[in-house]
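Have a look at data.txt below; it lists compact mmCIF, C-alpha atoms.
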# COMPACT_ATOMS: atom_id res chain seq x y z
CA MET L 1118 -87.61 -12.87 -110.14
CA ILE L 1119 -85.45 -9.77 -110.28
CA ASN L 1120 -83.22 -8.98 -113.21
CA GLN L 1121 -79.49 -8.36 -112.97
CA ALA L 1122 -79.82 -4.67 -113.83
CA THR L 1123 -82.22 -4.04 -110.93
CA SER L 1124 -80.08 -6.07 -108.57
CA ASP L 1125 -76.99 -4.09 -109.62
CA ARG L 1126 -78.83 -0.81 -109.15
CA LEU L 1127 -79.77 -1.82 -105.62
CA VAL L 1128 -76.23 -2.91 -104.77
CA TYR L 1129 -74.61 0.25 -106.14
CA ALA L 1130 -77.17 2.45 -104.40
CA ALA L 1131 -76.39 0.68 -101.12
CA MET L 1132 -72.65 0.97 -101.77
CA ARG L 1133 -72.97 4.72 -102.29
CA LEU L 1134 -75.23 5.32 -99.30
CA PHE L 1135 -73.32 3.12 -96.83
CA SER L 1136 -70.17 5.00 -97.84
CA GLU L 1137 -71.73 8.47 -97.57
CA LYS L 1138 -74.14 8.13 -94.64
CA GLY L 1139 -72.94 5.00 -92.86
CA TYR L 1140 -74.68 1.64 -92.60
CA GLY L 1141 -76.82 2.41 -89.56
CA SER L 1142 -78.10 5.73 -90.91
CA THR L 1143 -79.10 4.29 -94.29
CA SER L 1144 -82.68 3.03 -94.37
CA VAL L 1145 -84.15 0.53 -96.78
CA ALA L 1146 -86.37 3.38 -98.03
CA ASP L 1147 -83.22 5.44 -98.81
CA ILE L 1148 -81.84 2.56 -100.88
CA LEU L 1149 -85.09 2.06 -102.80
CA ARG L 1150 -85.31 5.78 -103.56
CA GLU L 1151 -81.67 5.97 -104.69
CA ALA L 1152 -82.01 2.85 -106.86
CA GLY L 1153 -85.45 3.75 -108.23
CA ALA L 1154 -86.64 0.24 -107.32
CA ASN L 1155 -89.66 -1.12 -105.49
CA SER L 1156 -89.59 -2.98 -102.19
CA GLY L 1157 -90.79 -6.23 -103.78
CA SER L 1158 -87.69 -6.50 -105.95
CA LEU L 1159 -85.44 -5.59 -103.03
CA TYR L 1160 -86.87 -8.14 -100.60
CA HIS L 1161 -86.77 -10.82 -103.24
CA ALA L 1162 -83.05 -10.39 -103.89
CA PHE L 1163 -81.93 -9.16 -100.47
CA PRO L 1164 -84.28 -10.17 -97.65
CA THR L 1165 -82.41 -8.01 -95.08
CA LYS L 1166 -80.26 -4.87 -95.14
CA GLN L 1167 -77.37 -7.08 -94.02
CA ASP L 1168 -77.75 -9.23 -97.15
CA LEU L 1169 -77.19 -6.07 -99.17
CA LEU L 1170 -74.17 -5.20 -97.04
CA LEU L 1171 -72.68 -8.65 -97.66
CA GLU L 1172 -73.14 -8.20 -101.41
CA VAL L 1173 -71.59 -4.70 -101.25
CA LEU L 1174 -68.54 -6.14 -99.48
CA ARG L 1175 -68.26 -8.93 -102.07
CA ARG L 1176 -68.31 -6.31 -104.84
CA TYR L 1177 -65.51 -4.37 -103.14
CA ARG L 1178 -63.54 -7.61 -102.73
CA ASP L 1179 -64.00 -8.64 -106.36
CA GLY L 1180 -63.64 -5.09 -107.67
CA ILE L 1181 -60.29 -4.21 -106.13
CA TRP L 1182 -58.48 -4.49 -109.47
CA PRO L 1183 -60.95 -2.75 -111.85
CA MET L 1184 -62.30 -0.22 -109.33
CA LEU L 1185 -59.18 0.68 -107.37
CA LEU L 1186 -55.81 -0.66 -108.52
CA LYS L 1187 -56.13 -0.43 -112.31
CA PRO L 1188 -57.08 3.27 -112.41
CA ALA L 1189 -54.53 4.14 -109.69
CA TRP L 1190 -51.67 2.33 -111.42
CA GLN L 1191 -52.35 3.50 -114.97
CA GLY L 1192 -49.02 4.67 -116.35
CA VAL L 1193 -47.10 3.94 -113.14
CA ALA L 1194 -44.49 1.23 -113.62
CA ASP L 1195 -42.23 1.57 -110.59
CA PRO L 1196 -43.54 -0.76 -107.87
CA ILE L 1197 -42.83 1.59 -104.94
CA GLU L 1198 -44.39 4.48 -106.85
CA ARG L 1199 -47.46 2.29 -107.36
CA ILE L 1200 -47.90 2.24 -103.60
CA PHE L 1201 -47.81 6.03 -103.49
CA ALA L 1202 -50.11 6.24 -106.53
CA LEU L 1203 -52.67 4.13 -104.66
CA LEU L 1204 -52.36 6.41 -101.64
CA ALA L 1205 -52.76 9.42 -103.95
CA SER L 1206 -56.03 7.98 -105.20
CA TYR L 1207 -57.33 7.92 -101.61
CA ARG L 1208 -56.22 11.50 -101.20
CA ALA L 1209 -58.14 12.44 -104.34
CA MET L 1210 -61.27 10.69 -103.01
CA LEU L 1211 -60.92 12.62 -99.75
CA THR L 1212 -60.45 16.03 -101.30
CA ASP L 1213 -63.19 15.41 -103.89
CA ASN L 1214 -65.74 15.53 -101.09
CA GLY L 1215 -64.20 18.05 -98.69
CA CYS L 1216 -62.71 15.25 -96.53
CA VAL L 1217 -66.17 14.09 -95.46
CA TYR L 1218 -65.98 10.51 -96.78
CA GLY L 1219 -62.94 8.28 -96.74
CA CYS L 1220 -62.32 4.56 -97.11
CA PRO L 1221 -65.69 2.77 -97.18
CA ILE L 1222 -64.23 -0.45 -95.71
CA GLY L 1223 -62.51 1.40 -92.86
CA SER L 1224 -65.69 3.29 -92.01
CA LEU L 1225 -67.76 0.12 -91.89
CA ALA L 1226 -65.06 -1.64 -89.87
CA LEU L 1227 -65.30 0.94 -87.11
CA GLU L 1228 -69.02 1.68 -87.36
CA LEU L 1229 -70.05 -1.94 -86.80
CA HIS L 1230 -68.78 -2.70 -83.31
CA GLU L 1231 -69.84 -6.31 -83.14
CA PRO L 1232 -70.69 -7.24 -86.72
CA ASP L 1233 -72.17 -10.55 -87.66
CA PRO L 1234 -69.30 -13.02 -88.32
CA ALA L 1235 -70.06 -13.12 -92.07
CA VAL L 1236 -69.78 -9.33 -92.27
CA ARG L 1237 -66.61 -9.18 -90.21
CA GLU L 1238 -65.03 -11.89 -92.34
CA LEU L 1239 -65.74 -9.93 -95.54
CA LEU L 1240 -64.33 -6.73 -94.03
CA SER L 1241 -61.25 -8.73 -93.06
CA VAL L 1242 -61.01 -10.24 -96.58
CA ASN L 1243 -61.14 -6.74 -98.08
CA PHE L 1244 -58.27 -5.57 -95.88
CA ARG L 1245 -56.30 -8.71 -96.71
CA GLY L 1246 -56.84 -8.15 -100.44
CA TRP L 1247 -55.57 -4.59 -100.17
CA VAL L 1248 -52.48 -5.68 -98.23
CA ALA L 1249 -51.83 -8.48 -100.74
CA ALA L 1250 -51.80 -5.92 -103.59
CA ILE L 1251 -49.16 -3.90 -101.73
CA GLU L 1252 -47.18 -7.07 -101.04
CA VAL L 1253 -47.00 -7.68 -104.81
CA CYS L 1254 -45.46 -4.20 -105.23
CA LEU L 1255 -42.96 -4.78 -102.44
CA GLU L 1256 -41.97 -8.19 -103.79
CA ALA L 1257 -41.30 -6.51 -107.15
CA ALA L 1258 -39.12 -3.96 -105.34
CA ARG L 1259 -37.37 -6.53 -103.16
CA GLU L 1260 -33.94 -5.67 -104.56
CA GLU L 1261 -34.39 -2.09 -103.37
CA LEU L 1262 -35.18 -3.13 -99.78
CA PRO L 1263 -32.90 -4.43 -97.04
CA ARG L 1264 -32.44 -8.21 -97.14
CA ASP L 1265 -34.20 -8.70 -93.80
CA ALA L 1266 -37.16 -6.43 -94.66
CA ASP L 1267 -40.46 -8.06 -93.64
CA ILE L 1268 -42.52 -7.57 -96.80
CA ARG L 1269 -45.85 -8.62 -95.32
CA ARG L 1270 -45.40 -6.40 -92.29
CA LEU L 1271 -44.48 -3.43 -94.47
CA ALA L 1272 -47.50 -4.04 -96.72
CA GLN L 1273 -49.80 -4.09 -93.71
CA PHE L 1274 -48.13 -0.90 -92.51
CA VAL L 1275 -49.10 0.89 -95.73
CA LEU L 1276 -52.76 0.10 -95.02
CA THR L 1277 -52.28 1.25 -91.42
CA VAL L 1278 -50.91 4.59 -92.61
CA MET L 1279 -53.71 5.01 -95.16
CA GLU L 1280 -56.52 4.26 -92.72
CA GLY L 1281 -55.05 6.24 -89.81
CA GLY L 1282 -54.49 9.23 -92.09
CA VAL L 1283 -57.97 9.08 -93.63
CA MET L 1284 -59.53 8.96 -90.15
CA GLN L 1285 -57.76 12.09 -88.95
CA SER L 1286 -58.26 13.98 -92.21
CA ARG L 1287 -61.97 13.29 -92.11
CA THR L 1288 -62.12 14.48 -88.52
CA HIS L 1289 -60.09 17.63 -89.09
CA ARG L 1290 -61.70 18.13 -92.54
CA THR L 1291 -58.33 18.77 -94.15
CA PRO L 1292 -55.95 16.42 -96.01
CA GLU L 1293 -53.02 17.56 -93.87
CA ALA L 1294 -52.87 14.52 -91.55
CA PHE L 1295 -53.14 12.18 -94.53
CA ASP L 1296 -50.34 14.04 -96.32
CA SER L 1297 -48.16 13.96 -93.21
CA GLY L 1298 -48.57 10.22 -92.93
CA VAL L 1299 -47.67 9.68 -96.56
CA ALA L 1300 -44.62 11.94 -96.19
CA VAL L 1301 -43.30 9.96 -93.20
CA LEU L 1302 -43.99 6.70 -95.05
CA ARG L 1303 -42.01 8.00 -98.03
CA ASP L 1304 -39.17 8.97 -95.71
CA HIS L 1305 -39.25 5.44 -94.27
CA PHE L 1306 -39.03 3.90 -97.75
CA GLU L 1307 -36.13 6.25 -98.62
CA ARG L 1308 -34.29 5.06 -95.52
CA LEU L 1309 -34.97 1.42 -96.37
CA ARG L 1310 -33.66 1.93 -99.92
CA GLU L 1311 -30.58 3.69 -98.62
CA ALA L 1312 -29.92 0.83 -96.18
CA ALA L 1313 -30.37 -1.65 -99.05
CA ARG L 1314 -27.84 0.25 -101.18
CA GLY L 1315 -25.43 0.12 -98.23
CA GLU L 1316 -25.81 -3.66 -97.96
CA ARG L 1317 -25.18 -4.21 -101.65
CA THR L 1318 -22.05 -2.12 -102.15
CA MET E 614 -81.90 19.76 -60.16
CA ILE E 615 -79.59 16.81 -60.62
CA ASN E 616 -76.64 16.16 -58.36
CA GLN E 617 -73.08 15.73 -59.56
CA ALA E 618 -72.98 12.04 -58.68
CA THR E 619 -76.00 11.27 -60.85
CA SER E 620 -74.67 13.38 -63.68
CA ASP E 621 -71.31 11.57 -63.49
CA ARG E 622 -73.05 8.19 -63.48
CA LEU E 623 -74.91 9.13 -66.64
CA VAL E 624 -71.77 10.38 -68.39
CA TYR E 625 -69.70 7.34 -67.49
CA ALA E 626 -72.51 5.00 -68.53
CA ALA E 627 -72.71 6.78 -71.89
CA MET E 628 -68.91 6.70 -72.24
CA ARG E 629 -68.89 2.93 -71.68
CA LEU E 630 -71.82 2.20 -73.98
CA PHE E 631 -70.72 4.47 -76.85
CA SER E 632 -67.34 2.77 -76.71
CA GLU E 633 -68.73 -0.77 -76.59
CA LYS E 634 -71.83 -0.58 -78.80
CA GLY E 635 -71.29 2.60 -80.79
CA TYR E 636 -73.21 5.85 -80.58
CA GLY E 637 -76.01 4.96 -82.97
CA SER E 638 -76.73 1.59 -81.36
CA THR E 639 -76.89 3.00 -77.82
CA SER E 640 -80.39 4.07 -76.82
CA VAL E 641 -81.31 6.50 -74.07
CA ALA E 642 -82.97 3.55 -72.31
CA ASP E 643 -79.63 1.67 -72.38
CA ILE E 644 -77.92 4.62 -70.72
CA LEU E 645 -80.57 4.95 -68.02
CA ARG E 646 -80.41 1.24 -67.24
CA GLU E 647 -76.57 1.24 -67.12
CA ALA E 648 -76.51 4.36 -64.92
CA GLY E 649 -79.43 3.30 -62.71
CA ALA E 650 -80.98 6.74 -63.25
CA ASN E 651 -84.45 7.92 -64.22
CA SER E 652 -85.34 9.75 -67.39
CA GLY E 653 -86.23 12.95 -65.52
CA SER E 654 -82.69 13.39 -64.23
CA LEU E 655 -81.24 12.57 -67.66
CA TYR E 656 -83.38 15.03 -69.60
CA HIS E 657 -82.73 17.74 -67.06
CA ALA E 658 -78.97 17.51 -67.40
CA PHE E 659 -78.71 16.33 -71.01
CA PRO E 660 -81.76 17.18 -73.11
CA THR E 661 -80.52 15.10 -76.09
CA LYS E 662 -78.26 12.09 -76.62
CA GLN E 663 -75.89 14.43 -78.44
CA ASP E 664 -75.55 16.58 -75.29
CA LEU E 665 -74.33 13.46 -73.51
CA LEU E 666 -71.92 12.75 -76.37
CA LEU E 667 -70.49 16.27 -76.13
CA GLU E 668 -69.95 15.81 -72.39
CA VAL E 669 -68.32 12.40 -72.97
CA LEU E 670 -65.92 13.98 -75.46
CA ARG E 671 -65.11 16.80 -73.02
CA ARG E 672 -64.30 14.20 -70.33
CA TYR E 673 -61.95 12.41 -72.72
CA ARG E 674 -60.32 15.73 -73.62
CA ASP E 675 -59.88 16.76 -69.98
CA GLY E 676 -59.01 13.25 -68.83
CA ILE E 677 -56.14 12.54 -71.20
CA TRP E 678 -53.53 12.92 -68.45
CA PRO E 679 -55.21 11.09 -65.52
CA MET E 680 -57.03 8.47 -67.61
CA LEU E 681 -54.48 7.72 -70.31
CA LEU E 682 -51.00 9.22 -70.08
CA LYS E 683 -50.31 9.01 -66.35
CA PRO E 684 -51.03 5.28 -66.04
CA ALA E 685 -49.22 4.52 -69.32
CA TRP E 686 -46.10 6.48 -68.38
CA GLN E 687 -45.78 5.31 -64.77
CA GLY E 688 -42.15 4.31 -64.31
CA VAL E 689 -41.17 5.12 -67.91
CA ALA E 690 -38.65 7.99 -68.10
CA ASP E 691 -37.26 7.74 -71.62
CA PRO E 692 -39.34 9.97 -73.90
CA ILE E 693 -39.29 7.65 -76.92
CA GLU E 694 -40.16 4.70 -74.70
CA ARG E 695 -43.10 6.72 -73.39
CA ILE E 696 -44.50 6.72 -76.91
CA PHE E 697 -44.25 2.94 -77.06
CA ALA E 698 -45.66 2.63 -73.54
CA LEU E 699 -48.73 4.59 -74.65
CA LEU E 700 -49.10 2.31 -77.67
CA ALA E 701 -48.73 -0.70 -75.36
CA SER E 702 -51.63 0.59 -73.28
CA TYR E 703 -53.82 0.55 -76.41
CA ARG E 704 -52.68 -2.98 -77.14
CA ALA E 705 -53.67 -3.99 -73.61
CA MET E 706 -57.12 -2.40 -74.07
CA LEU E 707 -57.52 -4.33 -77.33
CA THR E 708 -56.49 -7.71 -75.97
CA ASP E 709 -58.50 -7.22 -72.75
CA ASN E 710 -61.67 -7.49 -74.81
CA GLY E 711 -60.67 -9.94 -77.54
CA CYS E 712 -59.94 -7.08 -79.99
CA VAL E 713 -63.62 -6.11 -80.11
CA TYR E 714 -63.28 -2.52 -78.87
CA GLY E 715 -60.47 -0.13 -79.67
CA CYS E 716 -59.97 3.61 -79.45
CA PRO E 717 -63.30 5.24 -78.50
CA ILE E 718 -62.44 8.51 -80.27
CA GLY E 719 -61.42 6.74 -83.47
CA SER E 720 -64.60 4.68 -83.50
CA LEU E 721 -66.80 7.74 -83.04
CA ALA E 722 -64.81 9.62 -85.68
CA LEU E 723 -65.63 7.01 -88.32
CA GLU E 724 -69.11 6.08 -87.11
CA LEU E 725 -70.42 9.64 -87.37
CA HIS E 726 -70.13 10.44 -91.06
CA GLU E 727 -71.39 13.99 -90.91
CA PRO E 728 -71.34 14.90 -87.24
CA ASP E 729 -72.70 18.13 -85.90
CA PRO E 730 -69.88 20.75 -86.00
CA ALA E 731 -69.67 20.84 -82.18
CA VAL E 732 -69.14 17.06 -82.08
CA ARG E 733 -66.61 17.06 -84.89
CA GLU E 734 -64.68 19.87 -83.23
CA LEU E 735 -64.44 17.90 -79.97
CA LEU E 736 -63.29 14.77 -81.82
CA SER E 737 -60.68 16.92 -83.54
CA VAL E 738 -59.62 18.44 -80.19
CA ASN E 739 -59.17 14.97 -78.73
CA PHE E 740 -56.90 13.93 -81.62
CA ARG E 741 -54.95 17.17 -81.30
CA GLY E 742 -54.47 16.62 -77.56
CA TRP E 743 -53.13 13.12 -78.18
CA VAL E 744 -50.72 14.36 -80.85
CA ALA E 745 -49.59 17.20 -78.57
CA ALA E 746 -48.69 14.67 -75.86
CA ILE E 747 -46.51 12.77 -78.34
CA GLU E 748 -44.94 16.04 -79.48
CA VAL E 749 -43.83 16.68 -75.90
CA CYS E 750 -42.06 13.29 -75.91
CA LEU E 751 -40.40 13.98 -79.25
CA GLU E 752 -39.27 17.44 -78.19
CA ALA E 753 -37.66 15.84 -75.12
CA ALA E 754 -35.90 13.38 -77.45
CA ARG E 755 -34.91 16.02 -79.99
CA GLU E 756 -31.18 15.35 -79.52
CA GLU E 757 -31.74 11.75 -80.59
CA LEU E 758 -33.48 12.73 -83.83
CA PRO E 759 -32.07 14.13 -87.09
CA ARG E 760 -31.81 17.92 -87.09
CA ASP E 761 -34.38 18.29 -89.84
CA ALA E 762 -36.91 15.89 -88.26
CA ASP E 763 -40.42 17.34 -88.38
CA ILE E 764 -41.57 16.75 -84.80
CA ARG E 765 -45.21 17.60 -85.36
CA ARG E 766 -45.46 15.40 -88.41
CA LEU E 767 -43.86 12.50 -86.59
CA ALA E 768 -46.21 12.97 -83.62
CA GLN E 769 -49.21 12.87 -85.91
CA PHE E 770 -47.75 9.77 -87.54
CA VAL E 771 -47.76 7.96 -84.20
CA LEU E 772 -51.52 8.55 -83.92
CA THR E 773 -51.93 7.41 -87.54
CA VAL E 774 -50.13 4.15 -86.76
CA MET E 775 -52.15 3.61 -83.57
CA GLU E 776 -55.53 4.19 -85.20
CA GLY E 777 -54.75 2.28 -88.40
CA GLY E 778 -53.48 -0.67 -86.37
CA VAL E 779 -56.44 -0.69 -83.98
CA MET E 780 -58.85 -0.68 -86.93
CA GLN E 781 -57.29 -3.72 -88.57
CA SER E 782 -56.83 -5.61 -85.31
CA ARG E 783 -60.47 -5.11 -84.43
CA THR E 784 -61.49 -6.33 -87.88
CA HIS E 785 -59.22 -9.38 -87.86
CA ARG E 786 -59.85 -9.93 -84.13
CA THR E 787 -56.15 -10.38 -83.45
CA PRO E 788 -53.50 -7.90 -82.25
CA GLU E 789 -51.16 -8.91 -85.10
CA ALA E 790 -51.78 -5.88 -87.35
CA PHE E 791 -51.39 -3.53 -84.38
CA ASP E 792 -48.13 -5.24 -83.39
CA SER E 793 -46.83 -5.06 -86.95
CA GLY E 794 -47.51 -1.35 -87.08
CA VAL E 795 -45.72 -0.74 -83.81
CA ALA E 796 -42.75 -2.84 -84.99
CA VAL E 797 -42.36 -0.81 -88.19
CA LEU E 798 -42.71 2.42 -86.21
CA ARG E 799 -39.97 1.24 -83.86
CA ASP E 800 -37.78 0.41 -86.84
CA HIS E 801 -38.41 3.90 -88.19
CA PHE E 802 -37.37 5.50 -84.87
CA GLU E 803 -34.24 3.32 -84.80
CA ARG E 804 -33.32 4.56 -88.26
CA LEU E 805 -33.93 8.17 -87.23
CA ARG E 806 -31.73 7.74 -84.16
CA GLU E 807 -29.01 6.15 -86.24
CA ALA E 808 -29.16 9.02 -88.73
CA ALA E 809 -28.97 11.49 -85.83
CA ARG E 810 -25.88 9.75 -84.44
CA GLY E 811 -24.33 9.97 -87.91
CA GLU E 812 -24.98 13.72 -88.04
CA ARG E 813 -23.44 14.33 -84.64
CA THR E 814 -20.17 12.43 -84.99

Rendering of file as structure tokens:
Amino acid sequence: MINQATSDRLVYAAMRLFSEKGYGSTSVADILREAGANSGSLYHAFPTKQDLLLEVLRRYRDGIWPMLLKPAWQGVADPIERIFALLASYRAMLTDNGCVYGCPIGSLALELHEPDPAVRELLSVNFRGWVAAIEVCLEAAREELPRDADIRRLAQFVLTVMEGGVMQSRTHRTPEAFDSGVAVLRDHFERLREAARGERT
Amino acid sequence: MINQATSDRLVYAAMRLFSEKGYGSTSVADILREAGANSGSLYHAFPTKQDLLLEVLRRYRDGIWPMLLKPAWQGVADPIERIFALLASYRAMLTDNGCVYGCPIGSLALELHEPDPAVRELLSVNFRGWVAAIEVCLEAAREELPRDADIRRLAQFVLTVMEGGVMQSRTHRTPEAFDSGVAVLRDHFERLREAARGERT
């Protein structure tokens, strides 16, 4: 048997290390050291490193509200501004570590070229959850968007801009590419709002 | 001594394998088998796997015109359409392999969390070369864009949209996210052109 506290310590250690070093470069010994746990408790709860990865991805999936959206949206009521507040939280993560680490899901998605179907499905579910959160914002702002705006497509586009910007900023080790992407996205939303005002007057 | 043909075979084998399996998952033995070369010739030309990676990244950098832009732009004269033709060539790469492999530079950029500075610099140079090619298109289309359009920022945005779309399409194993991104980008360019026409009449 392994208690919940030990299991949590292992999962959060893996979460941290996969995000900072990558999945392939993280060894089971690294995880045990980081968690201060012994191999018996690890193998009992998570027989393989992939079992830990699956649990990490489930925690990200289930934690999107408390870990990501709630802190980003604190005090931000306007639905479009919530989108930019979420992007700002990714910028803060980037600059907190000198643009070395970015989105943990995006990194895993490109590191694992042919992941096991269960892993790929959980990566996909994480992306879908993120896009769904943006869709909620866009639905709330529907009156500010052109009548024929494709809400789902726009929501997916926000994730595209986030991930593409994080990738370049990590590579160049400066937030400039991320900021540029956000600025063009903001310009696009301004143009959509202007078009919507034109339709409604 | 190792002749140029053998050296090329090794580099192209590494290029293919890094792109398909990732850098970490490709062993020196894999490269030798793929290239049909012996370890003596490999170690003479490329003492470490990272030396091969550096050479692969130099080939991508130097090959952007013959390998990527020239085939994508064949028969496409309009500068804005050239941007979409380049994006279409990435879509074709994606769908050719069931959305398993995407942009080799983007994959390496996120797989290698803390790359050696020489590697990171060459990844960065590859991104900058790509963005510079888009800038050339946008400069040629300057008359069709608003006077205050930030050409460099827009060029970087095109790379952001490509990489963010490839990442999601690989994860979902369908080109839909990539297509969505391209559709929103096209809508953005339409709006810019319309604004430019408004300024000039």

Only residues of chain L matter here; which ones have an atom within 8 Å of chain E, counting all atoms listed in the file? Give them as a ChimeraX atom specification. /L:1137-1139,1141,1217-1218,1223-1231,1237-1238,1240-1241,1244,1270-1271,1273-1274,1276-1282,1284-1285,1287-1289,1294,1297-1298,1301,1305,1308

From (-26.5, 22.1, -87.3), in the file's coordinates, out to 9 Å: which residues are reached, counting all atoms listed in the file? Answer as a PDB file with C-alpha atoms, keeping the file's coordinate frame.
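New file out.pdb:
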ATOM      1  CA  ARG E 760     -31.810  17.920 -87.090  1.00  0.00           C
ATOM      2  CA  GLU E 812     -24.980  13.720 -88.040  1.00  0.00           C
ATOM      3  CA  ARG E 813     -23.440  14.330 -84.640  1.00  0.00           C
TER       4      ARG E 813
END

Selected residue of minimal separation from Arg674 of chain E among E:Met706, E:Ala627, E:Leu758, E:Ile718, counting only C-alpha atoms: E:Ile718

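Residue nearest Ala1266 of chain L within the list L:Leu1170, L:Leu1211, L:Leu1159, L:Ala1313: L:Ala1313 [criterion: smallest interatomic distance, all atoms listed in the file].
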
Might you pull out every residue within 10 Å of Arg1259 of chain L, with all atoms listed in the file counted and same-chain residues fewer than 6 positions away left off, and present them as number ranges by chain? L: 1196-1197, 1253, 1266, 1268, 1310, 1313

Atoms kept (C-alpha atoms) for selection, written as a tab-separated table (two decimals), in the coordinates of the input:
chain	number	residue	atom	x	y	z
L	1196	PRO	CA	-43.54	-0.76	-107.87
L	1197	ILE	CA	-42.83	1.59	-104.94
L	1253	VAL	CA	-47.00	-7.68	-104.81
L	1266	ALA	CA	-37.16	-6.43	-94.66
L	1268	ILE	CA	-42.52	-7.57	-96.80
L	1310	ARG	CA	-33.66	1.93	-99.92
L	1313	ALA	CA	-30.37	-1.65	-99.05

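Here atom CA of Ile1251 of chain L stands at a distance of 11.8 Å from atom CA of Trp1190 of chain L.
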
What lies within 10 Å of Asp621 of chain E using all atoms listed in the file, ignoring chain neighbours under 5 positions off, as a ChimeraX atom specification? /E:616,626-627,648,668-669

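Atom pair atom CA of Ser1156 of chain L / atom CA of Val1128 of chain L: separated by 13.6 Å.
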
Got a sec: who's within 12 Å of Tyr656 of chain E, counting only C-alpha atoms, leaving out chain neighbours fewer than 3 positions off, as a CSV table (one decimal) with C-alpha atoms, in the coordinates of the input?
chain,number,residue,atom,x,y,z
E,614,MET,CA,-81.9,19.8,-60.2
E,615,ILE,CA,-79.6,16.8,-60.6
E,620,SER,CA,-74.7,13.4,-63.7
E,623,LEU,CA,-74.9,9.1,-66.6
E,641,VAL,CA,-81.3,6.5,-74.1
E,642,ALA,CA,-83.0,3.6,-72.3
E,644,ILE,CA,-77.9,4.6,-70.7
E,645,LEU,CA,-80.6,5.0,-68.0
E,650,ALA,CA,-81.0,6.7,-63.2
E,651,ASN,CA,-84.4,7.9,-64.2
E,652,SER,CA,-85.3,9.8,-67.4
E,653,GLY,CA,-86.2,13.0,-65.5
E,659,PHE,CA,-78.7,16.3,-71.0
E,660,PRO,CA,-81.8,17.2,-73.1
E,661,THR,CA,-80.5,15.1,-76.1
E,662,LYS,CA,-78.3,12.1,-76.6
E,663,GLN,CA,-75.9,14.4,-78.4
E,664,ASP,CA,-75.6,16.6,-75.3
E,665,LEU,CA,-74.3,13.5,-73.5

Measure the distance from atom CA of Lys683 of chain E to atom CA of Arg704 of chain E in Å and round it to one decimal. 16.3 Å
